[in-house]
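Notes follow the structure.
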Protein chains: 8
Amino acid sequence: MNHYEELGFAKVDHHRIKRKGFPEVIYCPGKTTKQIVEIAKSINKKKHPVLMTRASVEVYKAVKKALRKATYHKEAKIITISKTIPYTPNPKPCLIITAGTADIPVAEEAAVTAEFLGIKTERLYDVGVAGIHRLTQNLDKLEKAKVIIVVAGMEGALPSVVGGLVEAPVIAVPTSVGYGANFKGLSALLTMMNSCAPGVAVVNIDNGFGAAVMAHAIIR
Amino acid sequence: MNHYEELGFAKVDHHRIKRKGFPEVIYCPGKTTKQIVEIAKSINKKKHPVLMTRASVEVYKAVKKALRKATYHKEAKIITISKTIPYTPNPKPCLIITAGTADIPVAEEAAVTAEFLGIKTERLYDVGVAGIHRLTQNLDKLEKAKVIIVVAGMEGALPSVVGGLVEAPVIAVPTSVGYGANFKGLSALLTMMNSCAPGVAVVNIDNGFGAAVMAHAIIR
Amino acid sequence: MNHYEELGFAKVDHHRIKRKGFPEVIYCPGKTTKQIVEIAKSINKKKHPVLMTRASVEVYKAVKKALRKATYHKEAKIITISKTIPYTPNPKPCLIITAGTADIPVAEEAAVTAEFLGIKTERLYDVGVAGIHRLTQNLDKLEKAKVIIVVAGMEGALPSVVGGLVEAPVIAVPTSVGYGANFKGLSALLTMMNSCAPGVAVVNIDNGFGAAVMAHAIIR
Amino acid sequence: MNHYEELGFAKVDHHRIKRKGFPEVIYCPGKTTKQIVEIAKSINKKKHPVLMTRASVEVYKAVKKALRKATYHKEAKIITISKTIPYTPNPKPCLIITAGTADIPVAEEAAVTAEFLGIKTERLYDVGVAGIHRLTQNLDKLEKAKVIIVVAGMEGALPSVVGGLVEAPVIAVPTSVGYGANFKGLSALLTMMNSCAPGVAVVNIDNGFGAAVMAHAIIR
Amino acid sequence: MNHYEELGFAKVDHHRIKRKGFPEVIYCPGKTTKQIVEIAKSINKKKHPVLMTRASVEVYKAVKKALRKATYHKEAKIITISKTIPYTPNPKPCLIITAGTADIPVAEEAAVTAEFLGIKTERLYDVGVAGIHRLTQNLDKLEKAKVIIVVAGMEGALPSVVGGLVEAPVIAVPTSVGYGANFKGLSALLTMMNSCAPGVAVVNIDNGFGAAVMAHAIIR
Amino acid sequence: MNHYEELGFAKVDHHRIKRKGFPEVIYCPGKTTKQIVEIAKSINKKKHPVLMTRASVEVYKAVKKALRKATYHKEAKIITISKTIPYTPNPKPCLIITAGTADIPVAEEAAVTAEFLGIKTERLYDVGVAGIHRLTQNLDKLEKAKVIIVVAGMEGALPSVVGGLVEAPVIAVPTSVGYGANFKGLSALLTMMNSCAPGVAVVNIDNGFGAAVMAHAIIR
Amino acid sequence: MNHYEELGFAKVDHHRIKRKGFPEVIYCPGKTTKQIVEIAKSINKKKHPVLMTRASVEVYKAVKKALRKATYHKEAKIITISKTIPYTPNPKPCLIITAGTADIPVAEEAAVTAEFLGIKTERLYDVGVAGIHRLTQNLDKLEKAKVIIVVAGMEGALPSVVGGLVEAPVIAVPTSVGYGANFKGLSALLTMMNSCAPGVAVVNIDNGFGAAVMAHAIIR
Amino acid sequence: MNHYEELGFAKVDHHRIKRKGFPEVIYCPGKTTKQIVEIAKSINKKKHPVLMTRASVEVYKAVKKALRKATYHKEAKIITISKTIPYTPNPKPCLIITAGTADIPVAEEAAVTAEFLGIKTERLYDVGVAGIHRLTQNLDKLEKAKVIIVVAGMEGALPSVVGGLVEAPVIAVPTSVGYGANFKGLSALLTMMNSCAPGVAVVNIDNGFGAAVMAHAIIR
């Protein structure tokens, strides 16, 4: 018995929902629009909810044509179809923080993914260390969170500060926001890897999706 | 009212146990033996348990002279004093996995720290991808874990494989084990950052301590 | 006596087929369309088969106008003319594996090149470690291969897993598929260089062509 | 007329005190002990005060033998002779901050140099972001400083936080304190270069001396 | 009482003018035009002067429509509105130097920012080390400056030479001008970090704005 | 049924000889001498031949005490016990080439490993491109080889030249021989990855062992 | 007396022809077309010959309108005006070699510059190490050259081979030709820096101009 | 007929003196003392002069025992035997410059090698850009040189300044002198590669030997 559907260009892993608690997710870049639509149809056919990340408007239009229930989350660049993952009761929410305004698209990728996975979320945007009172005046939100996703570019100092203030696990997401010696997110990544505040773990640059899945694994 | 003790060369953060659930931990490298002993005495005086990481035998001897209850965990290079952090009831343990034998010291840093923090642990060592049946024959251990710490050097592929198999959050620890294009752990770090299996987050190279604190934040 | 034809901008190495078993291959980037056509004509005139890699549709159209037998392999971005390299009898095929769907163009560069060189090939696409049962359910294909080309981006863990399972030589091809700390294929490259499973050797990022030539050298 | 003394292996720049406000300083590494002593004697002969950085105890002993007034600042690894640079009246001091205890030797290089250059200094050590109340409880010291030198290793987040709080110029000194993805200070350096808080400029890793000279140029 | 205005996508830090001596500045890249305009309106409403950096002509047009007093400084890519920061009396100007003509846009970002901050400026462009007499013939300008901002790409040697000649603090700005082993400004950055002439501190690649704020912090 | 022996610190993979054609090999660095001896005894007990790489003289002495048949190959830093892997009949040998004398230890690691694996070898040392006639005068050796392992440090140009001359597959081994911009073998590694001569694949820096296993996989 | 003409955005170094033997050269990128034309007119007015590198067709058209004698060398992307630098009698020419066809634009930048500087040149293109007989059959050209400029991308092995064969100084020019682990010319640069054949020195990636000026300095 | 002597571990290239104008040179690191002595004896037997670089005192003692005419140049770490290379008449000397005192060992490697090759040399040490009058007061020496070797660590700015002043070819030698963001010479290397002053070419970090051979190739 096969646990995947063979499409030639893809082996759709229908068994994943049993192992991981959620179905295979479609990362769009590098796939043709036709391939994306075929994989989405394969997942949808199994009555599994569908999540598609890094999707352009063009991809959305093609998916929408094939699968009418598709919804586009523009800022997050995510397409979802029939959000039916059973609700994970988490009275303490997953808090999603950004250092700046330009980090919001990555944060939205995390937030929309988390909500797709049935997690209660809260957003706290633009509280970077250049004006740290914006963070400390929201300390109550930090303290009542179950997990905190901190999204930051440039020097990426915010996860260390948050990690020093709270007991909840901090998932740090470096972003490619910045220029020059930022090296497309490398500076933020290294900062977060070297955090002097323990209780911080890091995902890939701009990987809001991965942070949300980690949060889901923690909360579920 | 100050929340720290001023030692001149250090401001011992006695407030941390309230914020983070555990007291300030002493990272030994770069401090003089005298400084280390003074900080340990300051924490011990407050009746807080003491954890000292990356401690050499020489440091241990000096600490032991000043604080008779000190215990040395040789493989982990950790000194603990009066382990009294209230037990976190976690019927599902924190599983600590290594890819190879040479990764064990880092895994032991994680395991001893986790136990200091009151977490139930289980060890599964030397199950790297070169002989993947060693991992799959222990799938039951993976499935019953609450959190999994995966410690791997060289190409660091193990967290991706584990992340593909289980629902539990995976904390990946790259190690500096390897040579050549390993660049002292960089290859394993990059591998883990780019994991195609979601639900994986990464801490610094050789940072067993940080992985254990992240596990504690998840479990508590 | 010269072993090459002098075109001014190129010295076409007509002797290569004697030394290497196949004629000079045209790597298109950086050459003008006019130069590409001239070199193709020079090789074709000698009745040698022609292989042109990384060819755009525009280049193909120009070549087709000059040499009517030209065929375009779109996904592989390869042009071939009069495939006449004597067949290398290899009852055990060269198996070409990808970790994901986005790695297929590189795999196709390898497959079309291998077939041009007279090698029997088999394809096994989208069997990455995030759902490792897709690989293990195809173990028979791995075991009957003479050589295995493994194409993978992101963390590039697949060659290590394959290398741990089989006796055949594994040629690992890192791809630039991924983002962030992938650094355009560097992470996959380093992973593969540090493989803990021996019997793995690596070619350049996205170099499907080179992998196929290595496979040809092994099989011939 | 020459503005330097020719020693063969060195051209001692006796004109520097006129251009820069302080005499040539001897950076010891890479010079033989004999060369160091000769240069020190050349400067001393001119009645200029002498500053020697990164000096080992062995170098100090040799200098002391030749120039009896030499003083060794052990933690800073600096030798000074006859501190006579005219006092720069700065009622608002240069404040020197460290993130941790292990950063103190670099901070001391800065402090001893600043004092040699006639600057009033104040020290505030071990106020890193993992326990940020240690910093905010000393806000008065930050606010009354003319210049602030912030010395930090690991993720190097402290200068951004300080730069967000005060008007004074911040000179950031990354240190090589840390391990793994710290890459001997690179992570702290990149963090500081990308500070989102303006009013921060950076000197070389572990370069306490350079920070003090910059502070002197600002205050003088 | 909040010290910021909540816009959802931004928390505008109206308290910054008290802490830093100038209001929040809008770094445009990564923000939508709509977000930029909203933040500008929020600052303008408080009667604070507005500075917007890295602004395209398109952004300027949208801002101009909403806030009629907006002025565009084309070469600097800066928008300013109602320049009313109280004048900082600095009889000795801030001198802004470039090594080449291509470095001028970064220098203009520094100059326009400095002028916005109320600082007297002087410009000295195209005096790089390939024709060092262009610098030495302007020594008087260097000597009468209070602070010197040196903007240089390629090998970035100019700050070291300037730092060897004058007493004033030198703020070095590496630029991404160059090609090949310049690695988009990395070579100039490393050169400046390693300057053998003390009294030099460095800001991020192409960060003319940051250099001006540092100059402001020194002069104020 | 387990396919490995559990030693606590290691799971000795006794199944590997079936999958790969040779038993588990002990890479010594990072393991304690006691661990090394225990693993060696576990393999030896199964009557499998034992290969131990990167073994110091001290390790050898300890192994010799426990297992009297151990032999030390000093230049290769390899210990072998009871070489009984069935002979692979390869009338055309595996040729091992070095660019210089300093590359010989890595080449010997390859040669001793290959011989342990039952492969006929031939050596051709010190034929680097600075005196290319040393290579071309040995063209007959190149032409009669089944596989060629080329070991080179510094600029690592030799595999490209060899790859241009012969039909046999070339396994390139970069070495850490060199200094400065060699960056411990990185320059040779990059050179070999970018070889313009196809039919070349690369293993890790200094990885003579890996090259030999790849040769074995090709020849077997 | 000034040795330069002040244009505000540029200080045209009219003294350079005395110091260096040729006038200031205009590197076009990063300058506006208007600036380029003004500088060209300033040099032309002094009756000095003008050389403009990396010039696009658009720049050429604007220059041509202002200075009718301008000539465009398309492949080299160079504009020259009134080539009147006194002839350097070099009976032994400067030989310019490329490894491949795609390296020719860089070689042409070198050749056109050299000819502008009055040097006799000879070209030998597409003689890379993958077919080394193309080089060795032209040994006579190598032997009669006064200086050899070797232009190569990908692995950049050609300068080492040439340097091993001849007595003439070899100026190595790495190019950005290649892909993947070539890292835009870094691999070729490192190869050339580590050349085991002495008598080789290196200029920047794609810097044909710099190589020609070095050749001129040697020959003059 | 062979053009080399076969020693097993080395093929001594006795033909090199004909191709390059000087015999094979022994680079000592990575060779055993025994190998070094054997190669030296092989060259000496041919009555060719012997040059051995990077030789420790221990190596020198062993060589001296075997070949009584050996001379040790301590600062350069070079051993020479019977200096008999025919004199190259160069009335204009090769000038060797250092930026600092710590760069002298590399400069001496260049100077001793140049003298071994029969070139007239002149030394000008410690004229770095921090006190540029030390250079400009020696302009006469620069102007009368045929070739200039400039040795500099830290930021490596000196070759650009020298290259801007003179017509002679400049061979730039980056050194590993420095710390922190110097990255063992990388900063100086990149600086020199990006020199805005043309007529500069670069050799490997600390490669005084290579610079001297390049100078010899230019002068001969």
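Identifiers in this document derive from the order of the structure tokens: chains are assigned A, B, ..., residues are numbered from 1 separately in each chain, and ligands are numbered from 1 in order of occurrence.
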From stretch 119-210 of chain D, collect each residue whose DSSP state is strand (DSSP E) and return the set as a ChimeraX atom specification.
/D:121-124,147-152,170-174,200-202
Go through chain G residue by residue and, counting only C-alpha atoms, keep those with an atom at most 10 Å from chain F; for each kept residue give the shortest atom pair and its distance in Å to one decimal, ordered by chain and increasing number, as a tab-separated table.
```
residue	atom	partner	partner_atom	distance
G:Ala99	CA	F:Cys196	CA	9.5
G:Gly100	CA	F:Cys196	CA	9.6
G:Gly128	CA	F:Cys196	CA	8.2
G:Val129	CA	F:Val161	CA	5.5
G:Ala130	CA	F:Gly164	CA	4.2
G:Gly131	CA	F:Gly164	CA	5.7
G:Ile132	CA	F:Gly164	CA	7.3
G:His133	CA	F:Leu165	CA	9.4
G:Gly153	CA	F:Asn194	CA	9.0
G:Met154	CA	F:Asn194	CA	5.3
G:Glu155	CA	F:Thr191	CA	4.4
G:Gly156	CA	F:Thr191	CA	7.3
G:Ala157	CA	F:Ala157	CA	5.2
G:Leu158	CA	F:Ala157	CA	8.3
G:Pro159	CA	F:Ala157	CA	9.9
G:Ser160	CA	F:Ala130	CA	6.5
G:Val161	CA	F:Val129	CA	5.5
G:Val162	CA	F:Ala130	CA	8.5
G:Gly163	CA	F:Ala130	CA	7.0
G:Gly164	CA	F:Ala130	CA	4.2
G:Leu165	CA	F:Gly131	CA	7.4
G:Gly178	CA	F:Asn194	CA	7.6
G:Tyr179	CA	F:Asn194	CA	8.1
G:Gly180	CA	F:Asn194	CA	8.1
G:Ala181	CA	F:Leu190	CA	6.3
G:Asn182	CA	F:Asn194	CA	6.2
G:Phe183	CA	F:Leu190	CA	9.1
G:Leu186	CA	F:Leu190	CA	8.5
G:Ser187	CA	F:Leu190	CA	5.3
G:Ala188	CA	F:Thr191	CA	7.0
G:Leu189	CA	F:Ser187	CA	8.8
G:Leu190	CA	F:Ser187	CA	5.3
G:Thr191	CA	F:Glu155	CA	4.4
G:Met192	CA	F:Glu155	CA	6.8
G:Met193	CA	F:Ala181	CA	6.6
G:Asn194	CA	F:Glu155	CA	4.9
G:Ser195	CA	F:Glu155	CA	5.4
G:Cys196	CA	F:Ala130	CA	6.1
G:Ala197	CA	F:Ala130	CA	4.8
G:Pro198	CA	F:Ala130	CA	8.2
```
Could you pull the residues within 6 Å of stretch 102-114 of chain B, counting only C-alpha atoms, minus those fewer than 6 positions along the same chain, as a list of chain:residue names?
B:Glu75, B:Ala76, B:Asp206, B:Gly208, B:Phe209, B:Ala212, F:Gly30, F:Lys31
Please return, as a VMD selection string, all residues of stretch 29-171 of chain H that DSSP assigns to helix (DSSP H, G or I) on the basis of the backbone.
chain H and resid 33 to 45 57 to 66 101 to 116 129 to 131 133 to 136 139 to 143 158 to 165
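Computed from the coordinates, the atom CA of D:Thr33 to atom CA of D:Tyr60 distance equals 9.2 Å.
Distance-wise, atom CA of G:Ile17 and atom CA of H:Lys144 end up 17.4 Å apart.
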Leaving out F:Phe9 and any residue of its chain fewer than 3 positions from it, which residues lie within 7 Å of it when counting only C-alpha atoms, given as a tab-separated table (two decimals) with N, CA and C atoms, in the first residue's frame?
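What follows is the written file out08.tsv:
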```
chain	number	residue	atom	x	y	z
B	101	THR	N	28.83	9.19	17.84
B	101	THR	CA	29.42	9.10	19.18
B	101	THR	C	30.10	10.41	19.56
B	125	TYR	N	21.50	7.49	21.36
B	125	TYR	CA	22.75	7.99	20.78
B	125	TYR	C	23.21	7.15	19.58
B	126	ASP	N	23.83	7.82	18.62
B	126	ASP	CA	24.48	7.17	17.46
B	126	ASP	C	23.46	6.55	16.50
```
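By chain and then residue number, the residues within 10 Å of stretch 45-49 of chain F are His14, Ile17, Phe22, Pro23, Glu24, Val25, Ile39, Ala40, Lys41, Thr80, Ile81, Ser82, Lys83, Thr84, Ile85, Phe116 and Leu117 of chain F, counting only C-alpha atoms and disregarding those fewer than 4 positions away in sequence.
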What is the atom CA of D:Val57 to atom CA of D:Glu6 distance in Å?
27.3 Å
Report as a ChimeraX atom specification all protein, DNA and RNA residues lying within 12 Å of stretch 62-64 of chain B, evaluated on only C-alpha atoms, omitting residues in the same chain fewer than 2 positions from it.
/B:28,32-41,44,50-52,55-60,66-72,78-81
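The environment of D:Ala215 within 8 Å, counting only C-alpha atoms and disregarding residues fewer than 3 places along the same chain, consists of Cys94, Ala114, Val147, Ile149, Ile171, Ala211, Ala212, Ile218 and Ile219 of chain D; Gly199 of chain E.
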Could you turn the residues from that selection into a file that holds C-alpha atoms, as a short mmCIF file (atom, residue, chain, number, x, y, z; two decimals), in the first residue's frame?
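Printed below is result-v6.cif as written:
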```cif
data_model
loop_
_atom_site.label_atom_id
_atom_site.label_comp_id
_atom_site.auth_asym_id
_atom_site.auth_seq_id
_atom_site.Cartn_x
_atom_site.Cartn_y
_atom_site.Cartn_z
CA CYS D 94 33.00 58.79 28.76
CA ALA D 114 40.92 56.86 27.53
CA VAL D 147 30.13 59.54 24.84
CA ILE D 149 31.50 52.97 24.51
CA ILE D 171 30.84 53.69 19.87
CA ALA D 211 37.04 53.10 20.65
CA ALA D 212 38.90 55.19 23.24
CA ILE D 218 34.87 63.49 20.00
CA ILE D 219 35.52 64.98 23.42
CA GLY E 199 39.94 57.85 15.52
#
```
